[in-house]
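Enquirer: This is the content of upload06.tsv (TSV, C-alpha atoms and all ligand atoms):
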chain	number	residue	atom	x	y	z
A	1	MET	CA	-15.09	3.00	34.66
A	2	THR	CA	-12.21	1.76	36.81
A	3	THR	CA	-12.41	-1.93	37.49
A	4	ASP	CA	-12.43	-2.99	41.13
A	5	PHE	CA	-10.63	-6.33	41.01
A	6	THR	CA	-11.19	-6.87	44.75
A	7	ALA	CA	-14.92	-6.81	44.06
A	8	THR	CA	-14.66	-9.14	41.06
A	9	ARG	CA	-12.56	-11.59	43.06
A	10	ASP	CA	-15.20	-11.58	45.76
A	11	ALA	CA	-17.79	-12.56	43.14
A	12	PHE	CA	-16.28	-16.07	42.74
A	13	VAL	CA	-16.20	-19.23	44.80
A	14	LEU	CA	-12.47	-19.93	45.25
A	15	PRO	CA	-11.72	-22.96	47.43
A	16	GLU	CA	-9.51	-22.32	50.45
A	17	GLY	CA	-5.83	-22.98	49.81
A	18	VAL	CA	-6.13	-23.04	46.01
A	19	ILE	CA	-4.41	-20.72	43.55
A	20	TYR	CA	-6.46	-21.25	40.42
A	21	LEU	CA	-4.40	-20.71	37.28
A	22	ASP	CA	-6.73	-22.62	34.97
A	23	GLY	CA	-9.53	-20.11	34.38
A	24	ASN	CA	-8.42	-20.23	30.74
A	25	SER	CA	-9.72	-23.80	30.56
A	26	LEU	CA	-12.67	-23.80	32.96
A	27	GLY	CA	-13.60	-20.58	34.73
A	28	PRO	CA	-14.54	-20.81	38.44
A	29	LEU	CA	-18.09	-20.67	39.78
A	30	PRO	CA	-19.52	-17.14	40.10
A	31	LYS	CA	-21.22	-16.95	43.52
A	32	ALA	CA	-24.42	-15.67	41.94
A	33	ALA	CA	-24.60	-18.52	39.43
A	34	ALA	CA	-25.67	-21.20	41.91
A	35	ALA	CA	-28.65	-19.15	43.06
A	36	ARG	CA	-29.51	-18.10	39.50
A	37	VAL	CA	-29.53	-21.68	38.25
A	38	ALA	CA	-31.51	-22.81	41.29
A	39	GLN	CA	-34.08	-20.13	40.59
A	40	THR	CA	-34.35	-21.13	36.96
A	41	VAL	CA	-34.86	-24.72	38.02
A	42	THR	CA	-37.36	-24.21	40.82
A	43	ALA	CA	-39.23	-20.99	39.98
A	44	GLU	CA	-39.13	-21.22	36.20
A	45	TRP	CA	-38.93	-24.87	35.14
A	46	GLY	CA	-40.66	-26.04	38.34
A	47	GLN	CA	-43.55	-23.58	38.40
A	48	MET	CA	-43.91	-22.34	34.86
A	49	LEU	CA	-43.35	-25.64	33.10
A	50	ILE	CA	-43.57	-25.18	29.34
A	51	THR	CA	-44.91	-21.63	29.67
A	52	GLY	CA	-41.36	-20.65	30.70
A	53	TRP	CA	-40.41	-20.42	27.04
A	54	ASN	CA	-42.56	-17.28	26.83
A	55	LYS	CA	-42.99	-16.14	30.43
A	56	ALA	CA	-39.36	-16.48	31.50
A	57	GLY	CA	-38.04	-15.44	28.10
A	58	TRP	CA	-36.15	-18.68	27.49
A	59	MET	CA	-36.73	-18.51	23.73
A	60	ASP	CA	-35.09	-15.08	23.37
A	61	GLN	CA	-32.23	-15.86	25.70
A	62	PRO	CA	-29.61	-16.92	23.08
A	63	ALA	CA	-29.70	-13.56	21.29
A	64	ARG	CA	-30.21	-11.53	24.46
A	65	VAL	CA	-27.12	-13.06	26.03
A	66	GLY	CA	-25.36	-12.72	22.67
A	67	ASP	CA	-25.70	-8.94	22.92
A	68	ARG	CA	-23.96	-8.99	26.30
A	69	ILE	CA	-21.07	-10.96	24.85
A	70	ALA	CA	-20.96	-8.61	21.85
A	71	ARG	CA	-19.69	-5.84	24.13
A	72	LEU	CA	-16.75	-8.00	25.20
A	73	ILE	CA	-15.65	-8.77	21.64
A	74	GLY	CA	-16.25	-5.41	19.96
A	75	ALA	CA	-19.23	-6.66	17.98
A	76	GLU	CA	-22.27	-4.71	16.82
A	77	PRO	CA	-25.60	-5.33	18.63
A	78	GLY	CA	-27.62	-8.16	17.10
A	79	THR	CA	-24.64	-10.01	15.64
A	80	VAL	CA	-23.95	-12.70	18.26
A	81	VAL	CA	-26.00	-15.72	19.28
A	82	LEU	CA	-25.39	-18.54	21.78
A	83	GLY	CA	-25.84	-22.27	21.40
A	84	ASP	CA	-24.20	-25.66	20.83
A	85	THR	CA	-20.48	-26.22	21.42
A	86	LEU	CA	-17.57	-24.40	19.87
A	87	SER	CA	-16.75	-27.28	17.52
A	88	ILE	CA	-20.28	-27.03	16.07
A	89	LYS	CA	-20.00	-23.25	15.70
A	90	VAL	CA	-16.67	-23.67	13.86
A	91	TYR	CA	-18.38	-26.04	11.43
A	92	GLN	CA	-21.30	-23.64	10.91
A	93	ALA	CA	-19.06	-20.67	10.21
A	94	LEU	CA	-16.88	-22.69	7.84
A	95	ALA	CA	-19.78	-24.11	5.88
A	96	SER	CA	-21.35	-20.66	5.44
A	97	ALA	CA	-18.07	-19.02	4.46
A	98	LEU	CA	-17.25	-21.68	1.86
A	99	GLU	CA	-20.68	-21.30	0.32
A	100	MET	CA	-20.20	-17.53	0.12
A	101	ASN	CA	-16.91	-17.89	-1.77
A	102	PRO	CA	-17.90	-20.53	-4.34
A	103	GLY	CA	-14.95	-20.18	-6.72
A	104	ARG	CA	-12.47	-21.28	-4.05
A	105	LYS	CA	-11.97	-24.55	-2.21
A	106	VAL	CA	-9.18	-24.01	0.34
A	107	ILE	CA	-9.54	-23.52	4.09
A	108	LEU	CA	-6.34	-22.04	5.53
A	109	SER	CA	-5.38	-22.70	9.14
A	110	ASP	CA	-2.23	-23.15	11.21
A	111	SER	CA	-0.56	-25.88	13.22
A	112	GLY	CA	-1.07	-23.92	16.44
A	113	ASN	CA	-4.82	-24.24	16.10
A	114	PHE	CA	-6.82	-26.39	18.49
A	115	PRO	CA	-7.22	-29.84	16.93
A	116	SER	CA	-11.03	-29.83	17.07
A	117	ASP	CA	-11.13	-26.85	14.70
A	118	LEU	CA	-8.90	-28.73	12.26
A	119	TYR	CA	-10.92	-31.94	12.64
A	120	MET	CA	-14.18	-30.13	11.93
A	121	ALA	CA	-12.65	-28.58	8.80
A	122	GLU	CA	-11.41	-31.99	7.64
A	123	GLY	CA	-14.84	-33.53	8.15
A	124	LEU	CA	-16.55	-30.71	6.26
A	125	CYS	CA	-14.10	-31.03	3.33
A	126	ARG	CA	-14.83	-34.75	3.14
A	127	THR	CA	-18.56	-34.03	2.97
A	128	LEU	CA	-18.16	-31.33	0.31
A	129	GLY	CA	-16.00	-33.50	-1.93
A	130	PRO	CA	-12.47	-34.00	-3.22
A	131	ASP	CA	-12.08	-30.43	-4.54
A	132	TYR	CA	-12.08	-29.06	-1.00
A	133	SER	CA	-9.01	-29.07	1.19
A	134	LEU	CA	-7.63	-27.85	4.48
A	135	ARG	CA	-4.20	-26.21	4.23
A	136	VAL	CA	-2.30	-26.11	7.53
A	137	VAL	CA	0.84	-23.95	7.78
A	138	GLU	CA	3.11	-22.90	10.63
A	139	PRO	CA	1.65	-20.02	12.68
A	140	GLU	CA	4.41	-17.66	11.51
A	141	ALA	CA	3.61	-18.48	7.87
A	142	VAL	CA	-0.10	-17.65	7.92
A	143	LEU	CA	0.12	-14.14	6.51
A	144	ASP	CA	2.19	-15.16	3.49
A	145	ALA	CA	0.09	-18.26	2.86
A	146	ILE	CA	-3.05	-16.22	2.18
A	147	ASP	CA	-3.22	-16.21	-1.61
A	148	ASP	CA	-6.01	-16.05	-4.17
A	149	THR	CA	-6.85	-19.74	-3.80
A	150	VAL	CA	-7.92	-19.38	-0.17
A	151	ALA	CA	-11.68	-19.27	0.39
A	152	VAL	CA	-11.53	-18.72	4.12
A	153	THR	CA	-8.96	-18.40	6.89
A	154	MET	CA	-9.79	-20.25	10.11
A	155	ILE	CA	-7.45	-18.92	12.77
A	156	THR	CA	-7.56	-19.04	16.55
A	157	GLU	CA	-6.29	-15.67	17.75
A	158	VAL	CA	-4.50	-16.99	20.85
A	159	ASP	CA	-2.73	-20.36	20.71
A	160	TYR	CA	-4.14	-22.69	23.37
A	161	ARG	CA	-0.71	-24.20	24.01
A	162	THR	CA	1.77	-21.33	23.93
A	163	GLY	CA	-0.42	-18.27	24.40
A	164	ARG	CA	1.03	-16.76	21.20
A	165	ARG	CA	-1.32	-14.16	19.75
A	166	HIS	CA	-1.91	-13.59	16.04
A	167	ASP	CA	-2.23	-10.12	14.50
A	168	MET	CA	-5.95	-10.10	13.77
A	169	THR	CA	-5.87	-6.77	11.96
A	170	ALA	CA	-3.06	-7.74	9.59
A	171	ILE	CA	-4.45	-11.21	8.80
A	172	THR	CA	-7.97	-9.91	8.20
A	173	ALA	CA	-6.70	-7.14	5.93
A	174	ARG	CA	-4.53	-9.55	3.94
A	175	ALA	CA	-7.39	-12.05	3.61
A	176	HIS	CA	-9.75	-9.39	2.29
A	177	GLU	CA	-7.11	-8.09	-0.10
A	178	GLN	CA	-6.86	-11.61	-1.52
A	179	GLY	CA	-10.63	-12.12	-1.67
A	180	ALA	CA	-10.79	-14.54	1.27
A	181	LEU	CA	-13.21	-14.51	4.19
A	182	THR	CA	-12.07	-14.76	7.82
A	183	ILE	CA	-13.21	-16.88	10.74
A	184	TRP	CA	-11.69	-15.93	14.09
A	185	ASP	CA	-11.80	-18.41	16.93
A	186	LEU	CA	-11.89	-16.40	20.16
A	187	ALA	CA	-11.75	-19.34	22.59
A	188	HIS	CA	-8.72	-17.83	24.36
A	189	SER	CA	-9.56	-14.19	23.60
A	190	ALA	CA	-13.12	-13.56	24.81
A	191	GLY	CA	-12.75	-12.35	28.39
A	192	ALA	CA	-8.95	-12.55	28.13
A	193	LEU	CA	-8.20	-9.37	26.20
A	194	PRO	CA	-10.02	-6.64	24.27
A	195	VAL	CA	-11.25	-7.82	20.87
A	196	GLU	CA	-12.51	-5.43	18.19
A	197	LEU	CA	-14.37	-7.55	15.65
A	198	ALA	CA	-16.26	-4.67	14.01
A	199	LYS	CA	-13.21	-2.43	13.84
A	200	VAL	CA	-11.03	-5.19	12.39
A	201	GLY	CA	-13.72	-6.07	9.85
A	202	ALA	CA	-13.90	-9.77	10.74
A	203	ASP	CA	-16.43	-11.81	8.76
A	204	PHE	CA	-17.19	-14.57	11.25
A	205	ALA	CA	-16.09	-15.29	14.81
A	206	VAL	CA	-16.77	-18.09	17.27
A	207	GLY	CA	-15.82	-18.78	20.86
A	208	CYS	CA	-16.70	-20.57	24.04
A	209	THR	CA	-18.07	-19.28	27.32
A	210	TYR	CA	-16.81	-21.84	29.84
A	211	LYS	CA	-13.20	-20.62	29.69
A	212	TYR	CA	-12.54	-16.95	30.56
A	213	LEU	CA	-16.24	-16.06	30.63
A	214	ASN	CA	-17.01	-18.51	33.48
A	215	SER	CA	-20.32	-20.08	32.35
A	216	GLY	CA	-19.46	-23.50	33.80
A	217	PRO	CA	-18.68	-26.92	32.33
A	218	GLY	CA	-20.61	-27.49	29.11
A	219	GLY	CA	-21.64	-23.82	28.76
A	220	PRO	CA	-22.76	-22.93	25.22
A	221	ALA	CA	-20.58	-21.42	22.49
A	222	PHE	CA	-21.22	-18.21	20.57
A	223	ILE	CA	-21.06	-17.25	16.91
A	224	TYR	CA	-20.69	-13.80	15.32
A	225	VAL	CA	-21.62	-12.91	11.75
A	226	ALA	CA	-20.71	-9.45	10.44
A	227	PRO	CA	-23.80	-7.33	9.67
A	228	ARG	CA	-22.87	-7.19	5.97
A	229	HIS	CA	-23.22	-10.98	5.75
A	230	ALA	CA	-26.13	-11.41	8.14
A	231	GLU	CA	-28.81	-11.81	5.48
A	232	THR	CA	-26.69	-13.73	2.96
A	233	ALA	CA	-24.81	-16.28	5.07
A	234	ARG	CA	-26.69	-19.55	4.64
A	235	PRO	CA	-26.66	-21.92	7.60
A	236	ALA	CA	-25.58	-25.47	6.82
A	237	LEU	CA	-26.96	-26.75	10.10
A	238	SER	CA	-30.47	-25.64	9.27
A	239	GLY	CA	-32.34	-26.53	12.43
A	240	TRP	CA	-35.84	-25.40	13.23
A	241	LEU	CA	-34.88	-22.62	15.64
A	242	GLY	CA	-32.85	-20.97	12.88
A	243	HIS	CA	-35.96	-20.98	10.68
A	244	GLU	CA	-37.70	-17.70	9.87
A	245	SER	CA	-40.83	-18.95	11.57
A	246	PRO	CA	-40.20	-22.05	13.70
A	247	PHE	CA	-43.75	-22.32	14.94
A	248	ALA	CA	-45.25	-22.20	11.45
A	249	PHE	CA	-43.84	-25.74	11.15
A	250	ASP	CA	-43.34	-25.31	7.40
A	251	LEU	CA	-41.96	-28.31	5.60
A	252	ALA	CA	-39.36	-26.21	3.75
A	253	TYR	CA	-36.51	-24.33	5.41
A	254	ARG	CA	-36.24	-20.56	5.20
A	255	PRO	CA	-33.36	-18.95	7.13
A	256	GLY	CA	-34.32	-16.69	10.02
A	257	ARG	CA	-33.56	-12.98	10.21
A	258	GLY	CA	-29.94	-12.02	10.75
A	259	ILE	CA	-28.01	-13.84	13.44
A	260	GLU	CA	-31.12	-15.85	14.47
A	261	ARG	CA	-30.42	-18.17	11.54
A	262	MET	CA	-27.29	-19.45	13.28
A	263	ARG	CA	-29.41	-21.03	15.97
A	264	VAL	CA	-29.92	-24.76	15.52
A	265	GLY	CA	-32.11	-26.45	18.14
A	266	THR	CA	-33.43	-26.02	21.67
A	267	PRO	CA	-31.18	-23.73	23.74
A	268	PRO	CA	-29.52	-24.96	26.98
A	269	VAL	CA	-31.61	-22.86	29.34
A	270	LEU	CA	-29.91	-23.92	32.59
A	271	GLN	CA	-26.42	-23.28	31.21
A	272	LEU	CA	-27.55	-19.93	29.86
A	273	ALA	CA	-28.82	-19.00	33.32
A	274	ALA	CA	-25.34	-19.68	34.73
A	275	LEU	CA	-23.82	-17.63	31.92
A	276	GLU	CA	-26.13	-14.69	32.61
A	277	ALA	CA	-24.97	-14.66	36.23
A	278	ALA	CA	-21.34	-14.85	35.07
A	279	LEU	CA	-21.88	-11.91	32.71
A	280	ASP	CA	-23.12	-9.75	35.60
A	281	VAL	CA	-19.52	-9.81	36.85
A	282	TRP	CA	-18.27	-8.76	33.40
A	283	ASP	CA	-20.60	-5.73	33.44
A	284	GLN	CA	-18.24	-4.22	36.04
A	285	VAL	CA	-15.09	-4.81	34.01
A	286	ASP	CA	-13.27	-2.38	31.74
A	287	LEU	CA	-11.36	-4.48	29.22
A	288	ALA	CA	-8.44	-2.04	29.07
A	289	ASP	CA	-8.01	-2.45	32.85
A	290	LEU	CA	-8.28	-6.22	32.44
A	291	ARG	CA	-5.58	-6.27	29.79
A	292	ALA	CA	-3.21	-4.08	31.80
A	293	ALA	CA	-3.67	-6.31	34.86
A	294	SER	CA	-3.23	-9.49	32.81
A	295	LEU	CA	0.04	-8.27	31.25
A	296	SER	CA	1.35	-7.28	34.64
A	297	LEU	CA	0.54	-10.74	36.10
A	298	THR	CA	2.03	-12.64	33.15
A	299	ASP	CA	5.16	-10.43	33.20
A	300	GLN	CA	5.53	-11.08	36.92
A	301	PHE	CA	5.14	-14.84	36.48
A	302	ILE	CA	7.62	-15.02	33.59
A	303	ALA	CA	10.24	-13.01	35.46
A	304	GLY	CA	9.74	-14.99	38.68
A	305	VAL	CA	9.91	-18.44	37.09
A	306	GLU	CA	12.85	-17.59	34.85
A	307	ALA	CA	14.80	-16.34	37.85
A	308	ALA	CA	13.98	-19.36	40.04
A	309	CYS	CA	13.64	-22.28	37.60
A	310	PRO	CA	16.33	-22.19	34.89
A	311	GLU	CA	15.41	-25.70	33.69
A	312	LEU	CA	12.00	-24.51	32.44
A	313	THR	CA	11.87	-23.01	28.93
A	314	LEU	CA	9.46	-20.20	28.20
A	315	ALA	CA	7.06	-21.06	25.34
A	316	THR	CA	5.07	-17.80	25.46
A	317	PRO	CA	6.12	-14.66	23.55
A	318	ARG	CA	7.72	-11.92	25.68
A	319	ASP	CA	6.29	-9.22	23.42
A	320	HIS	CA	3.04	-7.91	24.95
A	321	ASP	CA	1.33	-7.56	21.58
A	322	ARG	CA	1.96	-11.20	20.79
A	323	ARG	CA	0.77	-12.65	24.10
A	324	GLY	CA	-2.66	-13.76	25.30
A	325	SER	CA	-3.49	-14.15	29.00
A	326	GLN	CA	-1.59	-17.34	29.77
A	327	VAL	CA	2.03	-18.34	30.28
A	328	SER	CA	3.46	-21.69	29.21
A	329	PHE	CA	6.76	-23.33	29.99
A	330	ARG	CA	8.25	-26.45	28.45
A	331	HIS	CA	9.85	-29.30	30.36
A	332	PRO	CA	10.14	-33.01	29.44
A	333	GLN	CA	8.60	-33.87	32.84
A	334	GLY	CA	5.85	-31.27	32.43
A	335	TYR	CA	3.01	-33.64	33.31
A	336	ALA	CA	4.54	-34.80	36.61
A	337	ILE	CA	5.56	-31.26	37.55
A	338	MET	CA	1.99	-30.06	37.05
A	339	GLN	CA	0.62	-32.92	39.19
A	340	ALA	CA	3.03	-31.94	41.96
A	341	MET	CA	1.84	-28.32	41.67
A	342	ILE	CA	-1.83	-29.35	41.80
A	343	ALA	CA	-1.11	-31.45	44.90
A	344	ARG	CA	0.21	-28.24	46.50
A	345	GLY	CA	-2.88	-26.22	45.56
A	346	VAL	CA	-1.60	-24.47	42.43
A	347	ILE	CA	-3.92	-25.59	39.64
A	348	GLY	CA	-2.76	-25.18	36.06
A	349	ASP	CA	-2.77	-27.85	33.38
A	350	PHE	CA	-0.62	-29.80	30.94
A	351	ARG	CA	-0.76	-29.96	27.17
A	352	ALA	CA	1.15	-32.67	25.35
A	353	PRO	CA	3.94	-33.14	24.63
A	354	ASP	CA	5.69	-30.95	27.21
A	355	ILE	CA	3.72	-27.79	28.03
A	356	LEU	CA	2.95	-26.57	31.54
A	357	ARG	CA	0.15	-24.07	31.10
A	358	PHE	CA	-0.87	-21.33	33.55
A	359	GLY	CA	-3.80	-18.99	32.91
A	360	PHE	CA	-3.90	-15.51	34.46
A	361	THR	CA	-7.35	-14.12	35.05
A	362	PRO	CA	-7.29	-10.75	36.85
A	363	LEU	CA	-10.94	-11.10	37.86
A	364	PHE	CA	-9.79	-13.39	40.67
A	365	ILE	CA	-5.98	-13.69	40.50
A	366	GLY	CA	-3.65	-11.03	41.93
A	367	ALA	CA	0.07	-10.33	42.35
A	368	GLU	CA	0.23	-12.18	45.68
A	369	ASP	CA	-1.15	-15.36	44.08
A	370	VAL	CA	1.50	-15.11	41.37
A	371	ALA	CA	4.28	-14.69	43.91
A	372	ASN	CA	3.03	-17.71	45.87
A	373	ALA	CA	2.70	-19.84	42.73
A	374	VAL	CA	6.27	-18.97	41.69
A	375	GLU	CA	7.56	-19.92	45.13
A	376	ILE	CA	5.79	-23.29	45.06
A	377	LEU	CA	7.00	-24.04	41.52
A	378	ALA	CA	10.56	-23.12	42.53
A	379	GLU	CA	10.38	-25.57	45.43
A	380	VAL	CA	8.90	-28.35	43.27
A	381	MET	CA	11.75	-27.91	40.80
A	382	ALA	CA	14.63	-27.42	43.24
A	383	LYS	CA	13.71	-30.43	45.40
A	384	ARG	CA	12.49	-32.57	42.47
A	385	LEU	CA	9.19	-33.00	44.30
A	386	TRP	CA	7.57	-34.05	41.02
A	387	ASP	CA	9.57	-37.25	40.86
A	388	ARG	CA	7.09	-39.57	42.54
A	389	PRO	CA	5.25	-42.44	40.84
A	390	GLU	CA	1.76	-41.04	41.50
A	391	TYR	CA	2.59	-37.84	39.61
A	392	HIS	CA	3.49	-39.80	36.48
A	393	ALA	CA	0.17	-41.68	36.15
A	394	ARG	CA	-1.78	-39.96	33.36
A	395	ALA	CA	-5.43	-39.12	34.00
A	396	LYS	CA	-8.01	-38.98	31.19
A	397	VAL	CA	-8.16	-35.17	31.27
A	398	THR	CA	-4.75	-33.53	31.57
A	401	LIG	C1	-11.47	-24.99	23.96
A	401	LIG	C2	-11.46	-24.97	22.48
A	401	LIG	C3	-12.36	-25.74	21.72
A	401	LIG	C4	-13.33	-26.68	22.39
A	401	LIG	O1	-14.45	-26.96	21.62
A	401	LIG	P1	-15.77	-27.54	22.29
A	401	LIG	O2	-16.63	-27.94	21.14
A	401	LIG	O3	-16.37	-26.44	23.12
A	401	LIG	O4	-15.39	-28.71	23.15
A	401	LIG	C5	-12.34	-25.60	20.34
A	401	LIG	N1	-11.45	-24.76	19.73
A	401	LIG	C6	-10.56	-24.04	20.44
A	401	LIG	C7	-9.63	-23.12	19.72
A	401	LIG	C8	-10.52	-24.13	21.82
A	401	LIG	O5	-9.63	-23.44	22.52
Have the structure of the file written as structure tokens, please.
Ligand SMILES: *Cc1c(COP(=O)(O)O)cnc(C)c1O
Expert:
Amino acid sequence: MTTDFTATRDAFVLPEGVIYLDGNSLGPLPKAAAARVAQTVTAEWGQMLITGWNKAGWMDQPARVGDRIARLIGAEPGTVVLGDTLSIKVYQALASALEMNPGRKVILSDSGNFPSDLYMAEGLCRTLGPDYSLRVVEPEAVLDAIDDTVAVTMITEVDYRTGRRHDMTAITARAHEQGALTIWDLAHSAGALPVELAKVGADFAVGCTYKYLNSGPGGPAFIYVAPRHAETARPALSGWLGHESPFAFDLAYRPGRGIERMRVGTPPVLQLAALEAALDVWDQVDLADLRAASLSLTDQFIAGVEAACPELTLATPRDHDRRGSQVSFRHPQGYAIMQAMIARGVIGDFRAPDILRFGFTPLFIGAEDVANAVEILAEVMAKRLWDRPEYHARAKVT
């Protein structure tokens, strides 16, 4: 399969005059999603009412959609299920992994991780008691920090701020050598680059669908459990839809079969409808093509900005193997610069304290967009167009 990026671009609603470099944070609307959601609302919810759970297949949707995501992350069929938010899925994976490695009490993570992952780990440790702890090291120190006290590593493959990519193969191998389990957070990997969970031998993985996968704001997260753990991992969030037989309404909990046990409660049917439409676009994408296009766009952006804007400092690794699908630059006035860019139709975002972040998503961004974005950034910098009071006022979401 050769990916036709003209066709994938045509599958999205992209407002006139906008160069959207924030698909790493919230993917754009797939054209088919609006109609799909409308159909689910009017024809399914509207006409079928509660019978939709069976007739429209709502109840099986989380695992059915999970299998479609499995292809994008190199997972075996039947190992991925959708539901809840990523923070919840991080908690679930952590709780199960700690229970599976009872002699050890340390969760290892790094300071490049997204704070919510760290917060969830802290909260879980507090619940489990004073023996449990979260150890946070510098990203470069992760490999050496995996010793025989670590129960589980909780690492996000691609750093949300800098776009630095961890070596999943090396970290997983080292963790297993030391008797630790691995949780991979794929928030900035799924739909950004090829992931090979089965090949790498990952134990657990989690990720969200509203970033590169384009399911829309509030779209559900996914969780992966390796087949070898599927019948032994015990869910801490033991909700009724993860029960072996939800409609037996037993008073005692028995975990469901395989990945089904990682379900918690009622699935978000409307969001899943949007995700299914978004995944139709992914069916036409070869991930090797995607990666090649992404590296070419990020290379082009780095070269262009470095040539035109010497006052910006690159925060993203130059080495292809160590880079995700975004490019970040540092500048003390990063927030105001990004507001000036957004006012000129180039949408990226800002991450404190000083990161300008630009996501490159070949499904709808091409070389011409990159060239135009570079030109606009160069003008904003050269003429100090960012230095206006309205660009300094911080909004709630940055
Ligand atoms: C985006 C992101 C989250 C967000 O979690 P939600 O519960 O979906 O809000 C968590 N972790 C990482 C690594 C992320 O990039």
Enquirer: Padding of 5 Å on every side, edges along x, y and z, all listed atoms of range 343-353 of chain A included: what centre and edge lengths in Å, to one decimal, does that box have, as JSON?
Expert:
{"center_x": 0.0, "center_y": -28.8, "center_z": 35.6, "size_x": 17.9, "size_y": 18.7, "size_z": 31.9}
Enquirer: Applying 10 Å and only C-alpha atoms, which residues near Gly17 in chain A remain after dropping the ones on its own chain fewer than 4 positions away? List them as a list in words.
Expert: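 Near Gly17 in chain A, the qualifying residues are Arg344, Gly345 and Val346 of chain A.
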Enquirer: Counting only C-alpha atoms and all ligand atoms, which residues of chain A sit at most 9 Å from some atom of ligand LIG 401 (chain A), and what is each one's closest atom pair with its distance in Å to one decimal, listed by chain and rising residue number, as a tab-separated table?
Expert:
residue	atom	partner	partner_atom	distance
A:Asn24	CA	A:LIG401	C1	8.8
A:Ser25	CA	A:LIG401	C1	6.9
A:Asp84	CA	A:LIG401	O2	7.9
A:Thr85	CA	A:LIG401	O2	4.2
A:Leu86	CA	A:LIG401	O2	3.9
A:Ser87	CA	A:LIG401	O2	3.7
A:Ile88	CA	A:LIG401	O2	6.3
A:Lys89	CA	A:LIG401	O2	7.9
A:Val90	CA	A:LIG401	N1	7.9
A:Asn113	CA	A:LIG401	C7	6.1
A:Phe114	CA	A:LIG401	C7	4.5
A:Pro115	CA	A:LIG401	N1	7.2
A:Ser116	CA	A:LIG401	C5	5.5
A:Asp117	CA	A:LIG401	N1	5.5
A:Leu118	CA	A:LIG401	N1	8.8
A:Ile155	CA	A:LIG401	C7	8.4
A:Thr156	CA	A:LIG401	C7	5.6
A:Glu157	CA	A:LIG401	C7	8.4
A:Val158	CA	A:LIG401	C7	8.1
A:Asp159	CA	A:LIG401	C7	7.5
A:Tyr160	CA	A:LIG401	O5	5.6
A:Asp185	CA	A:LIG401	C7	5.9
A:Leu186	CA	A:LIG401	C7	7.1
A:Ala187	CA	A:LIG401	O5	4.6
A:His188	CA	A:LIG401	O5	6.0
A:Val206	CA	A:LIG401	N1	8.9
A:Gly207	CA	A:LIG401	C6	7.5
A:Cys208	CA	A:LIG401	O3	6.0
A:Thr209	CA	A:LIG401	O3	8.5
A:Tyr210	CA	A:LIG401	O3	8.2
A:Lys211	CA	A:LIG401	C1	7.4
A:Gly218	CA	A:LIG401	O3	7.4
A:Gly219	CA	A:LIG401	O3	8.2
A:Pro220	CA	A:LIG401	O3	7.6
A:Ala221	CA	A:LIG401	O3	6.6
Enquirer: Find the residue from A:Thr51, A:Ala198, A:Phe301, A:Val264 that sits nearest to Pro77 in chain A; use only C-alpha atoms when measuring.
Expert: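 Of the candidates, the smallest distance to Pro77 in chain A is held by A:Ala198.
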Enquirer: What lies within 8 Å of Pro194 in chain A using all atoms listed in the file, ignoring chain neighbours under 5 positions off, as a PDB file with C-alpha atoms, in the coordinates of the input?
Expert:
ATOM      1  CA  LEU A  72     -16.750  -8.000  25.200  1.00  0.00           C
ATOM      2  CA  ILE A  73     -15.650  -8.770  21.640  1.00  0.00           C
ATOM      3  CA  GLY A  74     -16.250  -5.410  19.960  1.00  0.00           C
ATOM      4  CA  SER A 189      -9.560 -14.190  23.600  1.00  0.00           C
ATOM      5  CA  LEU A 287     -11.360  -4.480  29.220  1.00  0.00           C
ATOM      6  CA  ALA A 288      -8.440  -2.040  29.070  1.00  0.00           C
ATOM      7  CA  ARG A 291      -5.580  -6.270  29.790  1.00  0.00           C
TER       8      ARG A 291
END
Enquirer: Show me, as a list in words, the residues that have an atom within 8 Å of Val305 in chain A when counting all atoms listed in the file, minus same-chain residues fewer than 4 positions from it.
Expert: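 Close residues of Val305 in chain A: Phe301, Cys309, Pro310, Leu312, Val374, Leu377 and Ala378 of chain A.
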Enquirer: Would you kindly return, as JSON, numbers by chain, each protein, DNA or RNA residue with an atom no farther than 9 Å from any atom of Ser294 in chain A, considering all atoms listed in the file and excluding same-chain residues fewer than 5 positions away?
Expert: {"A": [192, 193, 289, 299, 324, 325, 326, 360, 361, 362]}
Enquirer: As an NGL selection string, please: the residues near Asp349 in chain A (cut-off 12 Å, only C-alpha atoms, same-chain neighbours under 4 positions excluded).
Expert: :A and (20-26 or 160-161 or 326-329 or 334-342 or 354-359 or 395 or 397-398)
Enquirer: Could you jot down the CA of Arg174 in chain A to CA of Arg228 in chain A separation for me, Å, one decimal place?
Expert: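 Answer for the CA of Arg174 in chain A to CA of Arg228 in chain A separation: 18.6 Å.
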Enquirer: For each of A:Thr172, A:Ala382, A:Pro317, A:Ala274, take the minimum atom-to-atom distance to Val200 in chain A, counting only C-alpha atoms, then give the residue where this is smallest.
Expert: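 Among the listed residues, A:Thr172 lies closest to Val200 in chain A.
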Enquirer: Would you please work out which residue, of A:Val137, A:Val37, A:Ala308, A:Ile50, is nearest to Ile376 in chain A when using only C-alpha atoms?
Expert: A:Ala308
Enquirer: For each of A:Ala371, A:Val150, A:Ala75, A:Leu290, take the minimum atom-to-atom distance to Lys105 in chain A, counting only C-alpha atoms, then give the residue where this is smallest.
Expert: A:Val150
Enquirer: Between A:Ala252, A:Ala63, A:Ile146, A:Leu124, single out the one closest to Leu82 in chain A, counting all atoms listed in the file.
Expert: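 Between A:Ala252, A:Ala63, A:Ile146, A:Leu124, the residue approaching Leu82 in chain A most closely is A:Ala63.
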Enquirer: Figure out the distance between CA of Pro227 in chain A and CA of Leu98 in chain A, please, to one decimal in Å.
Expert: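 So the two atoms, CA of Leu98 in chain A and CA of Pro227 in chain A, lie 17.6 Å apart.
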